[in-house]
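Novice: Below you'll find entry22.txt; it's compact mmCIF, C-alpha atoms.
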```
# COMPACT_ATOMS: atom_id res chain seq x y z
CA MET A 143 101.27 72.93 -46.98
CA SER A 144 103.30 73.09 -43.78
CA GLN A 145 101.74 72.21 -40.43
CA LEU A 146 101.10 75.15 -38.12
CA LEU A 147 100.51 75.22 -34.37
CA VAL A 148 98.40 78.25 -33.47
CA GLU A 149 97.60 78.91 -29.81
CA TYR A 150 94.25 80.34 -28.72
CA PRO A 151 94.43 82.41 -25.52
CA LEU A 152 91.68 82.17 -22.94
CA THR A 153 88.97 84.67 -23.83
CA ARG A 154 86.20 84.12 -21.27
CA PRO A 155 86.41 85.17 -17.59
CA HIS A 156 85.00 81.88 -16.25
CA ALA A 157 87.76 79.96 -18.02
CA CYS A 158 90.26 81.06 -15.39
CA ASP A 159 88.22 81.82 -12.28
CA ASN A 160 90.58 80.37 -9.68
CA PRO A 161 94.13 81.44 -8.79
CA LEU A 162 96.25 80.17 -11.68
CA ALA A 163 99.81 81.10 -12.57
CA ARG A 164 101.91 80.13 -15.56
CA GLY A 165 104.72 77.74 -14.76
CA ALA A 166 108.18 77.59 -16.30
CA ASP A 167 106.84 75.10 -18.84
CA GLY A 168 104.18 77.58 -19.97
CA VAL A 169 101.29 75.64 -18.42
CA LEU A 170 98.75 77.40 -16.20
CA ARG A 171 98.69 75.79 -12.75
CA TYR A 172 96.73 76.19 -9.52
CA GLY A 173 98.91 77.56 -6.78
CA ASN A 174 97.04 76.44 -3.68
CA LEU A 175 96.37 72.72 -4.08
CA THR A 176 96.79 70.22 -1.27
CA PRO A 177 99.91 68.07 -1.76
CA ALA A 178 97.93 64.94 -2.63
CA LEU A 179 94.42 63.69 -3.34
CA THR A 180 94.33 61.65 -0.14
CA GLU A 181 94.98 64.77 1.93
CA LEU A 182 92.07 66.63 0.31
CA LEU A 183 89.74 63.70 0.96
CA ASP A 184 90.98 63.37 4.54
CA LEU A 185 90.07 67.02 5.19
CA GLN A 186 86.54 66.45 3.88
CA VAL A 187 86.11 63.30 5.97
CA HIS A 188 86.80 65.28 9.13
CA ALA A 189 84.56 68.16 8.05
CA PHE A 190 81.58 65.99 7.06
CA ALA A 191 82.11 62.82 9.11
CA SER A 192 78.43 62.06 9.79
CA ARG A 193 77.12 63.04 6.34
CA GLU A 194 76.33 60.30 3.82
CA ALA A 195 79.22 59.90 1.38
CA VAL A 196 77.96 57.12 -0.87
CA VAL A 197 74.55 55.52 -1.29
CA GLU A 198 73.98 52.44 -3.41
CA ILE A 199 70.30 52.00 -4.21
CA GLY A 200 69.39 48.57 -2.89
CA GLY A 201 72.78 48.31 -1.19
CA PRO A 202 74.99 49.94 1.45
CA ARG A 203 74.75 53.53 2.69
CA LEU A 204 78.01 54.85 4.12
CA THR A 205 78.83 58.06 5.93
CA TYR A 206 82.17 59.75 5.33
CA ARG A 207 83.47 58.31 8.59
CA GLU A 208 82.32 54.77 7.70
CA LEU A 209 83.68 54.98 4.15
CA TRP A 210 87.06 56.29 5.27
CA HIS A 211 87.37 53.69 8.04
CA SER A 212 86.53 50.79 5.71
CA ALA A 213 88.90 52.12 3.02
CA SER A 214 91.74 52.48 5.53
CA ARG A 215 91.23 48.85 6.62
CA ILE A 216 91.39 47.77 2.97
CA ALA A 217 94.62 49.77 2.71
CA GLY A 218 95.92 47.96 5.78
CA GLY A 219 95.01 44.61 4.24
CA LEU A 220 96.81 45.55 1.03
CA GLN A 221 99.86 46.52 3.06
CA GLU A 222 99.81 43.08 4.69
CA HIS A 223 99.90 41.63 1.16
CA GLY A 224 103.08 43.62 0.50
CA ILE A 225 101.42 46.43 -1.45
CA GLY A 226 102.87 49.87 -0.93
CA TYR A 227 103.86 53.15 -2.50
CA GLY A 228 103.73 53.14 -6.31
CA ASP A 229 102.46 49.57 -6.72
CA ARG A 230 99.55 49.13 -9.12
CA VAL A 231 96.24 47.84 -7.77
CA ALA A 232 93.56 47.04 -10.32
CA VAL A 233 89.95 47.84 -9.38
CA HIS A 234 87.83 45.51 -11.50
CA MET A 235 84.32 45.14 -10.12
CA PRO A 236 80.77 46.35 -10.73
CA ALA A 237 79.93 49.95 -9.87
CA GLY A 238 78.62 50.36 -6.35
CA ALA A 239 79.61 51.29 -2.83
CA ARG A 240 82.07 48.39 -2.78
CA TRP A 241 83.84 49.81 -5.84
CA VAL A 242 84.26 53.14 -4.05
CA GLN A 243 85.65 51.41 -0.95
CA ALA A 244 88.13 49.42 -3.05
CA PHE A 245 89.25 52.48 -5.04
CA LEU A 246 89.82 54.55 -1.91
CA GLY A 247 91.51 51.60 -0.19
CA ALA A 248 94.00 51.36 -3.04
CA LEU A 249 94.65 55.12 -2.82
CA LEU A 250 95.16 55.07 0.94
CA SER A 251 97.60 52.17 0.69
CA GLY A 252 99.92 54.42 -1.33
CA ALA A 253 99.34 52.34 -4.45
CA VAL A 254 98.22 53.57 -7.88
CA PRO A 255 94.67 52.43 -8.67
CA VAL A 256 94.25 50.97 -12.15
CA LEU A 257 90.66 51.40 -13.35
CA VAL A 258 89.37 48.36 -15.24
CA HIS A 259 85.81 48.76 -16.46
CA ASP A 260 83.56 45.88 -15.43
CA GLY A 261 81.97 45.82 -18.89
CA LEU A 262 85.19 45.22 -20.83
CA PRO A 263 85.51 41.95 -22.78
CA ALA A 264 87.61 39.51 -20.75
CA GLU A 265 90.53 39.61 -23.18
CA VAL A 266 90.65 43.44 -23.12
CA ALA A 267 90.49 43.52 -19.32
CA GLU A 268 93.33 41.01 -19.16
CA ARG A 269 95.34 43.16 -21.57
CA VAL A 270 94.85 46.23 -19.37
CA ILE A 271 95.85 44.35 -16.23
CA ALA A 272 98.93 42.91 -17.94
CA ASP A 273 99.93 46.24 -19.52
CA SER A 274 99.77 48.05 -16.18
CA SER A 275 101.95 45.40 -14.49
CA THR A 276 99.29 45.17 -11.82
CA ASP A 277 100.59 43.92 -8.46
CA PHE A 278 97.19 43.14 -6.91
CA ILE A 279 93.64 42.80 -8.25
CA LEU A 280 90.52 43.86 -6.38
CA GLY A 281 87.51 42.25 -8.02
CA ALA A 282 86.72 40.13 -11.04
CA GLY A 283 90.28 39.40 -12.09
CA SER A 284 91.32 38.13 -8.66
CA ALA A 285 91.67 34.46 -7.92
CA SER A 286 88.63 34.54 -5.62
CA GLY A 287 86.33 36.49 -7.97
CA SER A 288 84.52 39.82 -7.70
CA ASP A 289 82.44 38.84 -4.66
CA ALA A 290 85.39 37.80 -2.52
CA PRO A 291 85.99 39.77 0.68
CA LEU A 292 88.24 42.77 0.18
CA PRO A 293 91.59 42.80 2.00
CA ASP A 294 91.22 43.73 5.65
CA GLY A 295 93.84 44.79 8.13
CA ALA A 296 94.74 47.39 10.72
CA ALA A 297 93.69 50.84 9.48
CA PHE A 298 96.44 52.43 7.42
CA ILE A 299 96.83 55.67 5.45
CA ASP A 300 99.90 56.48 3.35
CA ASP A 301 100.23 60.27 3.22
CA GLY A 302 103.64 60.57 1.58
CA ALA A 303 102.56 61.46 -1.96
CA ALA A 304 103.40 64.73 -3.74
CA LEU A 305 101.71 66.72 -6.50
CA GLY A 306 103.89 65.34 -9.28
CA ASP A 307 103.49 61.70 -8.23
CA LEU A 308 101.47 59.25 -10.29
CA ALA A 309 98.07 58.86 -8.59
CA LEU A 310 95.87 57.00 -11.09
CA LEU A 311 96.13 54.85 -14.21
CA CYS A 312 93.05 55.33 -16.34
CA TYR A 313 92.81 53.53 -19.68
CA THR A 314 91.38 55.04 -22.84
CA SER A 315 88.05 53.69 -24.06
CA GLY A 316 86.55 53.21 -27.48
CA THR A 317 89.61 51.43 -28.90
CA ALA A 318 90.59 47.79 -29.26
CA ALA A 319 93.95 48.54 -27.64
CA PRO A 320 93.37 50.84 -24.64
CA MET A 321 96.34 52.97 -23.60
CA GLY A 322 97.19 53.68 -19.98
CA VAL A 323 96.99 57.39 -19.17
CA GLU A 324 99.14 58.56 -16.28
CA LEU A 325 97.30 61.04 -14.07
CA THR A 326 99.24 62.71 -11.27
CA ASN A 327 97.93 64.15 -8.03
CA GLU A 328 98.18 67.59 -9.65
CA ASN A 329 96.12 66.44 -12.65
CA LEU A 330 93.39 65.03 -10.41
CA LEU A 331 93.30 67.92 -7.94
CA SER A 332 93.26 70.46 -10.76
CA ALA A 333 90.39 68.67 -12.49
CA ILE A 334 88.46 68.53 -9.21
CA ARG A 335 89.01 72.24 -8.58
CA SER A 336 87.96 73.07 -12.13
CA VAL A 337 84.74 71.02 -12.01
CA VAL A 338 83.72 72.35 -8.60
CA SER A 339 84.12 75.89 -9.88
CA ALA A 340 82.64 75.44 -13.37
CA LEU A 341 79.55 73.58 -12.12
CA ASP A 342 79.32 75.78 -9.02
CA LEU A 343 79.01 72.78 -6.70
CA PRO A 344 77.73 73.74 -3.22
CA THR A 345 78.98 72.44 0.12
CA ASP A 346 75.55 72.30 1.75
CA GLY A 347 74.79 68.64 1.09
CA LEU A 348 74.72 68.14 -2.68
CA ARG A 349 73.27 64.73 -3.64
CA ASN A 350 74.62 63.66 -7.04
CA LEU A 351 72.91 60.79 -8.86
CA MET A 352 75.91 59.46 -10.79
CA LEU A 353 75.04 57.37 -13.83
CA LEU A 354 78.51 57.55 -15.38
CA PRO A 355 80.92 54.59 -15.34
CA LEU A 356 83.06 54.80 -12.22
CA ALA A 357 85.99 53.24 -14.07
CA HIS A 358 86.19 56.11 -16.59
CA ALA A 359 87.76 59.52 -16.04
CA SER A 360 84.38 61.16 -16.70
CA GLY A 361 82.88 59.29 -13.77
CA CYS A 362 85.69 58.88 -11.26
CA VAL A 363 87.67 62.09 -11.75
CA ASP A 364 84.93 64.48 -12.87
CA GLN A 365 81.97 63.44 -10.71
CA LEU A 366 82.88 61.09 -7.86
CA LEU A 367 85.90 63.03 -6.61
CA PRO A 368 84.44 66.57 -7.02
CA THR A 369 81.31 65.45 -5.15
CA PHE A 370 83.48 64.21 -2.31
CA ALA A 371 85.54 67.42 -2.48
CA VAL A 372 82.46 69.46 -1.49
CA GLY A 373 81.22 66.98 1.10
CA GLY A 374 78.41 65.78 -1.16
CA THR A 375 76.69 62.42 -1.44
CA VAL A 376 77.31 60.15 -4.42
CA VAL A 377 74.16 58.16 -5.21
CA LEU A 378 74.68 55.07 -7.38
CA ALA A 379 71.84 53.22 -9.09
CA PRO A 380 73.05 49.89 -10.53
CA ASP A 381 69.44 49.18 -11.57
CA THR A 382 67.95 52.17 -13.40
CA ARG A 383 64.48 50.69 -13.82
CA ARG A 384 63.24 52.63 -10.79
CA LEU A 385 65.15 55.79 -11.60
CA THR A 386 62.25 58.19 -11.20
CA GLU A 387 61.50 56.89 -7.70
CA THR A 388 65.19 57.26 -6.83
CA LEU A 389 65.20 60.91 -7.90
CA VAL A 390 62.40 61.67 -5.46
CA ALA A 391 63.19 59.31 -2.58
CA GLU A 392 66.90 60.26 -2.45
CA ARG A 393 66.24 64.01 -2.70
CA ILE A 394 68.57 64.27 -5.69
CA ASP A 395 70.02 67.73 -6.46
CA MET A 396 72.17 66.79 -9.45
CA VAL A 397 72.08 64.16 -12.20
CA SER A 398 75.23 63.32 -14.18
CA ALA A 399 75.45 60.98 -17.16
CA THR A 400 76.68 60.77 -20.75
CA PRO A 401 74.61 61.56 -23.86
CA ARG A 402 74.27 57.84 -24.60
CA ILE A 403 73.09 57.08 -21.07
CA PHE A 404 70.61 59.96 -21.04
CA THR A 405 69.29 58.82 -24.43
CA ARG A 406 68.82 55.25 -23.18
CA LEU A 407 67.00 56.49 -20.09
CA LEU A 408 64.63 58.91 -21.86
CA PRO A 409 61.64 56.51 -21.71
CA GLU A 410 62.15 56.00 -17.96
CA LEU A 411 62.71 59.71 -17.35
CA ALA A 412 59.53 60.50 -19.31
CA ARG A 413 57.64 59.08 -16.33
CA LEU A 414 58.63 62.23 -14.45
CA ARG A 415 56.06 64.07 -16.53
CA THR A 416 53.42 61.36 -16.91
CA ASP A 417 53.44 60.64 -13.16
CA GLY A 418 53.49 64.33 -12.28
CA LEU A 419 56.61 63.95 -10.12
CA ASP A 420 58.20 67.14 -8.83
CA THR A 421 61.74 67.75 -10.18
CA GLU A 422 62.12 71.31 -8.91
CA GLY A 423 64.76 70.13 -6.43
CA ILE A 424 67.11 69.02 -9.21
CA THR A 425 69.23 72.10 -9.79
CA ARG A 426 72.09 70.69 -11.90
CA VAL A 427 72.33 68.32 -14.86
CA SER A 428 75.77 67.43 -16.20
CA ASN A 429 75.96 65.84 -19.65
CA ALA A 430 79.50 64.47 -19.99
CA GLY A 431 80.33 64.17 -23.68
CA HIS A 432 83.67 62.36 -23.37
CA ARG A 433 85.43 62.29 -26.74
CA ALA A 434 84.81 58.52 -27.04
CA GLU A 435 81.11 59.37 -26.97
CA ARG A 436 81.37 61.36 -30.19
CA ALA A 437 81.41 58.14 -32.21
CA ALA A 438 77.89 57.43 -30.95
CA ALA A 439 76.57 60.92 -31.69
CA ALA A 440 74.49 59.71 -34.64
CA ALA A 441 72.48 57.52 -32.28
CA GLU A 442 71.53 60.44 -30.05
CA PRO A 443 68.28 62.32 -30.62
CA ALA A 444 68.79 65.82 -32.00
CA ASN A 445 66.51 67.18 -29.28
CA LEU A 446 68.29 65.61 -26.28
CA ALA A 447 69.01 69.05 -24.76
CA ALA A 448 65.34 70.02 -25.17
CA GLU A 449 64.18 66.73 -23.64
CA LEU A 450 66.40 67.29 -20.59
CA ARG A 451 65.16 70.87 -20.30
CA ASP A 452 61.55 69.66 -20.25
CA MET A 453 62.29 66.98 -17.65
CA PHE A 454 64.38 69.20 -15.38
CA PRO A 455 63.01 72.73 -15.92
CA ALA A 456 64.56 74.18 -12.76
CA ALA A 457 68.06 72.82 -13.42
CA ARG A 458 71.08 74.42 -15.01
CA ARG A 459 72.39 72.06 -17.66
CA TRP A 460 76.03 71.79 -18.67
CA SER A 461 77.64 69.77 -21.42
CA VAL A 462 81.23 68.90 -20.59
CA TRP A 463 83.77 67.56 -23.09
CA GLY A 464 87.11 65.96 -22.37
CA ALA A 465 89.37 62.99 -22.96
CA THR A 466 91.01 60.52 -20.60
CA GLU A 467 94.28 62.33 -21.33
CA THR A 468 92.74 65.62 -20.08
CA SER A 469 91.35 64.01 -16.91
CA GLY A 470 87.95 63.92 -18.62
CA ILE A 471 87.50 67.71 -18.71
CA GLY A 472 88.58 70.62 -20.86
CA LEU A 473 85.58 72.23 -22.55
CA ALA A 474 82.12 73.10 -21.24
CA VAL A 475 79.02 74.89 -22.43
CA ASP A 476 76.05 76.04 -20.39
CA ASP A 477 73.11 74.64 -22.33
CA ASP A 478 70.88 77.49 -21.12
CA THR A 479 73.01 80.55 -21.80
CA ASP A 480 76.00 79.63 -23.95
CA ALA A 481 74.74 77.21 -26.56
CA PRO A 482 74.23 78.91 -29.94
CA SER A 483 72.15 77.61 -32.81
CA GLY A 484 73.43 74.35 -34.26
CA ALA A 485 74.57 73.38 -30.77
CA ASP A 486 74.73 69.70 -31.66
CA ALA A 487 78.22 70.42 -33.08
CA VAL A 488 79.32 72.49 -30.08
CA LEU A 489 82.00 71.09 -27.78
CA GLY A 490 82.30 74.17 -25.57
CA PHE A 491 84.61 76.82 -24.18
CA PRO A 492 87.87 75.99 -22.35
CA PHE A 493 87.77 76.20 -18.56
CA GLY A 494 89.88 75.49 -15.50
CA GLY A 495 93.22 76.51 -16.98
CA THR A 496 92.79 74.41 -20.13
CA GLU A 497 94.36 76.18 -23.11
CA LEU A 498 93.81 75.33 -26.75
CA ALA A 499 95.80 75.26 -29.95
CA LEU A 500 95.12 74.15 -33.50
CA TRP A 501 97.45 72.02 -35.59
CA GLY A 502 97.37 71.82 -39.36
CA PRO A 503 97.65 73.84 -42.57
CA GLN A 504 94.44 75.81 -41.80
CA ALA A 505 95.24 76.51 -38.15
CA GLN A 506 95.78 80.21 -38.88
CA VAL A 507 92.15 80.59 -40.00
CA GLY A 508 90.60 78.64 -37.12
CA HIS A 509 90.41 75.07 -38.47
CA GLY A 510 92.53 72.05 -37.55
CA GLU A 511 93.29 69.34 -35.03
CA LEU A 512 92.49 70.36 -31.46
CA LEU A 513 95.39 70.42 -29.02
CA CYS A 514 95.01 70.94 -25.24
CA ARG A 515 97.30 71.74 -22.38
CA GLY A 516 96.62 72.59 -18.76
CA PRO A 517 97.09 71.46 -15.16
CA ASN A 518 94.63 68.60 -15.79
CA VAL A 519 96.42 67.22 -18.89
CA SER A 520 98.49 64.05 -18.60
CA ARG A 521 102.16 64.21 -19.42
CA ARG A 522 102.47 60.75 -20.99
CA TYR A 523 101.11 57.26 -21.53
CA TRP A 524 102.09 54.42 -19.27
CA ASN A 525 105.05 52.41 -20.59
CA ASP A 526 104.40 53.60 -24.17
CA PRO A 527 107.05 56.09 -25.37
CA LYS A 528 105.99 55.76 -29.04
CA SER A 529 102.35 56.75 -28.41
CA THR A 530 103.57 59.50 -26.09
CA ALA A 531 105.81 60.91 -28.83
CA ASP A 532 102.97 60.63 -31.36
CA ARG A 533 100.29 62.32 -29.24
CA PHE A 534 102.21 64.87 -27.15
CA THR A 535 104.14 67.87 -28.47
CA GLY A 536 105.82 69.36 -25.40
CA SER A 537 102.97 70.08 -22.99
CA TRP A 538 100.35 69.93 -25.78
CA PHE A 539 98.11 66.86 -26.17
CA HIS A 540 96.91 66.05 -29.70
CA THR A 541 93.24 65.06 -29.34
CA GLY A 542 92.91 63.80 -32.91
CA ASP A 543 89.64 65.76 -33.24
CA GLN A 544 89.19 68.11 -36.18
CA VAL A 545 87.49 71.29 -34.96
CA THR A 546 86.77 74.94 -35.62
CA ILE A 547 87.47 77.62 -33.00
CA ASP A 548 85.62 80.92 -33.41
CA ALA A 549 86.65 84.41 -32.32
CA ASP A 550 85.04 83.94 -28.88
CA GLY A 551 86.91 80.72 -28.18
CA LEU A 552 83.93 78.41 -28.81
CA VAL A 553 85.00 75.01 -30.12
CA ARG A 554 82.82 73.13 -32.60
CA SER A 555 83.42 69.67 -33.99
CA GLY A 556 84.25 69.46 -37.71
CA LEU A 557 85.90 71.96 -39.99
CA SER A 558 82.90 73.99 -41.11
CA ALA A 559 83.01 77.67 -40.25
```
Can I see the file as structure tokens?
Specialist:
Amino acid sequence: MSQLLVEYPLTRPHACDNPLARGADGVLRYGNLTPALTELLDLQVHAFASREAVVEIGGPRLTYRELWHSASRIAGGLQEHGIGYGDRVAVHMPAGARWVQAFLGALLSGAVPVLVHDGLPAEVAERVIADSSTDFILGAGSASGSDAPLPDGAAFIDDGAALGDLALLCYTSGTAAPMGVELTNENLLSAIRSVVSALDLPTDGLRNLMLLPLAHASGCVDQLLPTFAVGGTVVLAPDTRRLTETLVAERIDMVSATPRIFTRLLPELARLRTDGLDTEGITRVSNAGHRAERAAAAAEPANLAAELRDMFPAARRWSVWGATETSGIGLAVDDDTDAPSGADAVLGFPFGGTELALWGPQAQVGHGELLCRGPNVSRRYWNDPKSTADRFTGSWFHTGDQVTIDADGLVRSGLSA
């Protein structure tokens, strides 16, 4: 049978709830984005200068002013090392306030941060650093090691970037040979706008306990940056053994993790009930089911959604699906109102300008490989024209996931009707 590409138009109002217009390439795009990510962050720094930006439990606590100042000095130090616009700077260190400072320092220098997960095997991390042609390493791969002082110089901010410029290199996970995904300023800003809208993030002091890896798109692009975009506080807990105390002591409003992380933490979170701790202040729970997580689905309890509902009864709970190539977003389902029976197979509805298509001989009847396009979707892989040609058809990204799309636009994994 011949292969068919069948497009599925947006069917739900919340899927396109910000000003979007279709470009000449057919992709829906936001029309009122700031020119670059650094400019958006700079605006928030001035608006919320004295508010806490990042808190590391057992470590530093930095206001927006302090974080921005330290990052700009790191940028100045990088500049003194000859790093400038378009150079690649690898961020390879444990998650924490220092990681955030290094990441922002690389951005402000005009360089392209390369995210290297601290938990990668040494040979894989070396492969990522070599593949990206990294010009400077912040952290474990540097000659001085991960605890060495970060570059320091006169405060510097490069503000010359444009929407179409490369802003971040984020490598795919779950494979022996990670591929570098090019994410532009437009990709990042569109993903931020989409998450802020879809999760209805407030600007009145949101405190987000982030348990996602900072070096993945699901953590950096979909939680860290949107929290900063609304002037919120990112709370990081490198040691999760005192998680319940952290939820109370840090006045947490939102908890974000992956299904695997939530599953691992269920025994600790169960103390919320046994100790009678009040969780009424937690109003949002984001369960980020990145496509690499699907391989671990069998290890997740079937009642994870019910467990989270019992632990956080006052919270709205979202499940968000995406891939590194889609900036970590693309589909979402409100676990309270949208999830139908058999929700363990549900990936969600498209949002934020993400459009869907199916590829394959059964595409006409709603079954096939899921394709995505949108303002958040990468245009290519770094230095890999073959993989780009294999996985991108025009503006469409081939996810490799076999799915079913129903008449309402709900996407389920697998090919069963």
Novice: Determine, counting only C-alpha atoms, which protein, DNA and RNA residues have an atom within 10 Å of an atom of Leu182 in chain A; residues of the same chain fewer than 6 positions away are not included. Present the result as a list in words.
Specialist: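 Within the cut-off, the hits are Leu175, Thr176, Leu331, Leu367, Phe370 and Ala371 of chain A.
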Novice: Quick one: of A:Pro151, A:Gly322, A:Gly373, A:Gly173, who's nearest to Val338 in chain A, counting all atoms listed in the file?
Specialist: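 That would be A:Gly373, the residue with the smallest distance to Val338 in chain A.
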Novice: What is the distance between CA of Arg533 in chain A and CA of Glu511 in chain A, in Å to one decimal?
Specialist: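 Atom-to-atom, CA of Arg533 in chain A and CA of Glu511 in chain A are spaced 11.5 Å apart.
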Novice: Neighbourhood query: residues within 10 Å of (96.9, 77.5, -13.7), file coordinates, counting all atoms listed in the file; return as a PDB file with C-alpha atoms, in the frame of the given file.
Specialist:
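For reference, part02.pdb as written:
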```pdb
ATOM      1  CA  CYS A 158      90.260  81.060 -15.390  1.00  0.00           C
ATOM      2  CA  ASP A 159      88.220  81.820 -12.280  1.00  0.00           C
ATOM      3  CA  ASN A 160      90.580  80.370  -9.680  1.00  0.00           C
ATOM      4  CA  PRO A 161      94.130  81.440  -8.790  1.00  0.00           C
ATOM      5  CA  LEU A 162      96.250  80.170 -11.680  1.00  0.00           C
ATOM      6  CA  ALA A 163      99.810  81.100 -12.570  1.00  0.00           C
ATOM      7  CA  ARG A 164     101.910  80.130 -15.560  1.00  0.00           C
ATOM      8  CA  GLY A 165     104.720  77.740 -14.760  1.00  0.00           C
ATOM      9  CA  GLY A 168     104.180  77.580 -19.970  1.00  0.00           C
ATOM     10  CA  VAL A 169     101.290  75.640 -18.420  1.00  0.00           C
ATOM     11  CA  LEU A 170      98.750  77.400 -16.200  1.00  0.00           C
ATOM     12  CA  ARG A 171      98.690  75.790 -12.750  1.00  0.00           C
ATOM     13  CA  TYR A 172      96.730  76.190  -9.520  1.00  0.00           C
ATOM     14  CA  GLY A 173      98.910  77.560  -6.780  1.00  0.00           C
ATOM     15  CA  SER A 332      93.260  70.460 -10.760  1.00  0.00           C
ATOM     16  CA  GLY A 494      89.880  75.490 -15.500  1.00  0.00           C
ATOM     17  CA  GLY A 495      93.220  76.510 -16.980  1.00  0.00           C
ATOM     18  CA  THR A 496      92.790  74.410 -20.130  1.00  0.00           C
ATOM     19  CA  GLU A 497      94.360  76.180 -23.110  1.00  0.00           C
ATOM     20  CA  GLY A 516      96.620  72.590 -18.760  1.00  0.00           C
ATOM     21  CA  PRO A 517      97.090  71.460 -15.160  1.00  0.00           C
ATOM     22  CA  ASN A 518      94.630  68.600 -15.790  1.00  0.00           C
TER      23      ASN A 518
END
```
Novice: Find the residues near range 453-458 of chain A: any atom within 12 Å, counting only C-alpha atoms, skip ones fewer than 3 places away on the same chain, and give them as a PDB file with C-alpha atoms, in the coordinates of the input.
Specialist:
```pdb
ATOM      1  CA  ALA A 340      82.640  75.440 -13.370  1.00  0.00           C
ATOM      2  CA  LEU A 341      79.550  73.580 -12.120  1.00  0.00           C
ATOM      3  CA  ASP A 342      79.320  75.780  -9.020  1.00  0.00           C
ATOM      4  CA  LEU A 343      79.010  72.780  -6.700  1.00  0.00           C
ATOM      5  CA  THR A 386      62.250  58.190 -11.200  1.00  0.00           C
ATOM      6  CA  LEU A 389      65.200  60.910  -7.900  1.00  0.00           C
ATOM      7  CA  ILE A 394      68.570  64.270  -5.690  1.00  0.00           C
ATOM      8  CA  ASP A 395      70.020  67.730  -6.460  1.00  0.00           C
ATOM      9  CA  MET A 396      72.170  66.790  -9.450  1.00  0.00           C
ATOM     10  CA  VAL A 397      72.080  64.160 -12.200  1.00  0.00           C
ATOM     11  CA  SER A 398      75.230  63.320 -14.180  1.00  0.00           C
ATOM     12  CA  PHE A 404      70.610  59.960 -21.040  1.00  0.00           C
ATOM     13  CA  LEU A 407      67.000  56.490 -20.090  1.00  0.00           C
ATOM     14  CA  LEU A 408      64.630  58.910 -21.860  1.00  0.00           C
ATOM     15  CA  PRO A 409      61.640  56.510 -21.710  1.00  0.00           C
ATOM     16  CA  GLU A 410      62.150  56.000 -17.960  1.00  0.00           C
ATOM     17  CA  LEU A 411      62.710  59.710 -17.350  1.00  0.00           C
ATOM     18  CA  ALA A 412      59.530  60.500 -19.310  1.00  0.00           C
ATOM     19  CA  ARG A 413      57.640  59.080 -16.330  1.00  0.00           C
ATOM     20  CA  LEU A 414      58.630  62.230 -14.450  1.00  0.00           C
ATOM     21  CA  ARG A 415      56.060  64.070 -16.530  1.00  0.00           C
ATOM     22  CA  THR A 416      53.420  61.360 -16.910  1.00  0.00           C
ATOM     23  CA  ASP A 417      53.440  60.640 -13.160  1.00  0.00           C
ATOM     24  CA  GLY A 418      53.490  64.330 -12.280  1.00  0.00           C
ATOM     25  CA  LEU A 419      56.610  63.950 -10.120  1.00  0.00           C
ATOM     26  CA  ASP A 420      58.200  67.140  -8.830  1.00  0.00           C
ATOM     27  CA  THR A 421      61.740  67.750 -10.180  1.00  0.00           C
ATOM     28  CA  GLU A 422      62.120  71.310  -8.910  1.00  0.00           C
ATOM     29  CA  GLY A 423      64.760  70.130  -6.430  1.00  0.00           C
ATOM     30  CA  ILE A 424      67.110  69.020  -9.210  1.00  0.00           C
ATOM     31  CA  THR A 425      69.230  72.100  -9.790  1.00  0.00           C
ATOM     32  CA  ARG A 426      72.090  70.690 -11.900  1.00  0.00           C
ATOM     33  CA  VAL A 427      72.330  68.320 -14.860  1.00  0.00           C
ATOM     34  CA  SER A 428      75.770  67.430 -16.200  1.00  0.00           C
ATOM     35  CA  ASN A 429      75.960  65.840 -19.650  1.00  0.00           C
ATOM     36  CA  LEU A 446      68.290  65.610 -26.280  1.00  0.00           C
ATOM     37  CA  ALA A 447      69.010  69.050 -24.760  1.00  0.00           C
ATOM     38  CA  ALA A 448      65.340  70.020 -25.170  1.00  0.00           C
ATOM     39  CA  GLU A 449      64.180  66.730 -23.640  1.00  0.00           C
ATOM     40  CA  LEU A 450      66.400  67.290 -20.590  1.00  0.00           C
ATOM     41  CA  SER A 461      77.640  69.770 -21.420  1.00  0.00           C
ATOM     42  CA  VAL A 475      79.020  74.890 -22.430  1.00  0.00           C
ATOM     43  CA  ASP A 476      76.050  76.040 -20.390  1.00  0.00           C
ATOM     44  CA  ASP A 477      73.110  74.640 -22.330  1.00  0.00           C
ATOM     45  CA  ASP A 478      70.880  77.490 -21.120  1.00  0.00           C
ATOM     46  CA  THR A 479      73.010  80.550 -21.800  1.00  0.00           C
ATOM     47  CA  ASP A 480      76.000  79.630 -23.950  1.00  0.00           C
TER      48      ASP A 480
END
```
Novice: Quick one: pull the distance between CA of Gly281 in chain A and CA of Thr382 in chain A, Å, one decimal.
Specialist: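 If I compute the distance from CA of Gly281 in chain A to CA of Thr382 in chain A, I get 22.6 Å.
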Novice: So which residues touch Leu220 in chain A within 12 Å, counting only C-alpha atoms, skipping near sequence neighbours fewer than 4 positions away, as a ChimeraX atom specification?
Specialist: /A:213-216,224-227,229-232,244-253,277-280,292-300
Novice: Using only C-alpha atoms, what residues lie at most 12 Å away from (71.4, 52.8, -8.6) (file coordinates), given as an MDAnalysis selection string?
Specialist: chainID A and resid 196:203 236:239 350:355 376:389 392 397
Novice: Tell me, in Å to one decimal, how far CA of Gly510 in chain A is from CA of Asp364 in chain A.
Specialist: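 Distance reported for this atom pair: 26.9 Å.
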Novice: From the options A:Pro344, A:Gly261, A:Gly374, A:Gly361, which residue's atoms come nearest to Ala195 in chain A, counting all atoms listed in the file?
Specialist: A:Gly374
Novice: Report the centre and edge lengths, in Å to one decimal, of an axis-aligned box enclosing every atom of range 332-346 of chain A listed in the file, padded by 8 Å on each side, as JSON.
Specialist:
```
{"center_x": 84.4, "center_y": 72.2, "center_z": -5.8, "size_x": 33.7, "size_y": 23.4, "size_z": 31.1}
```
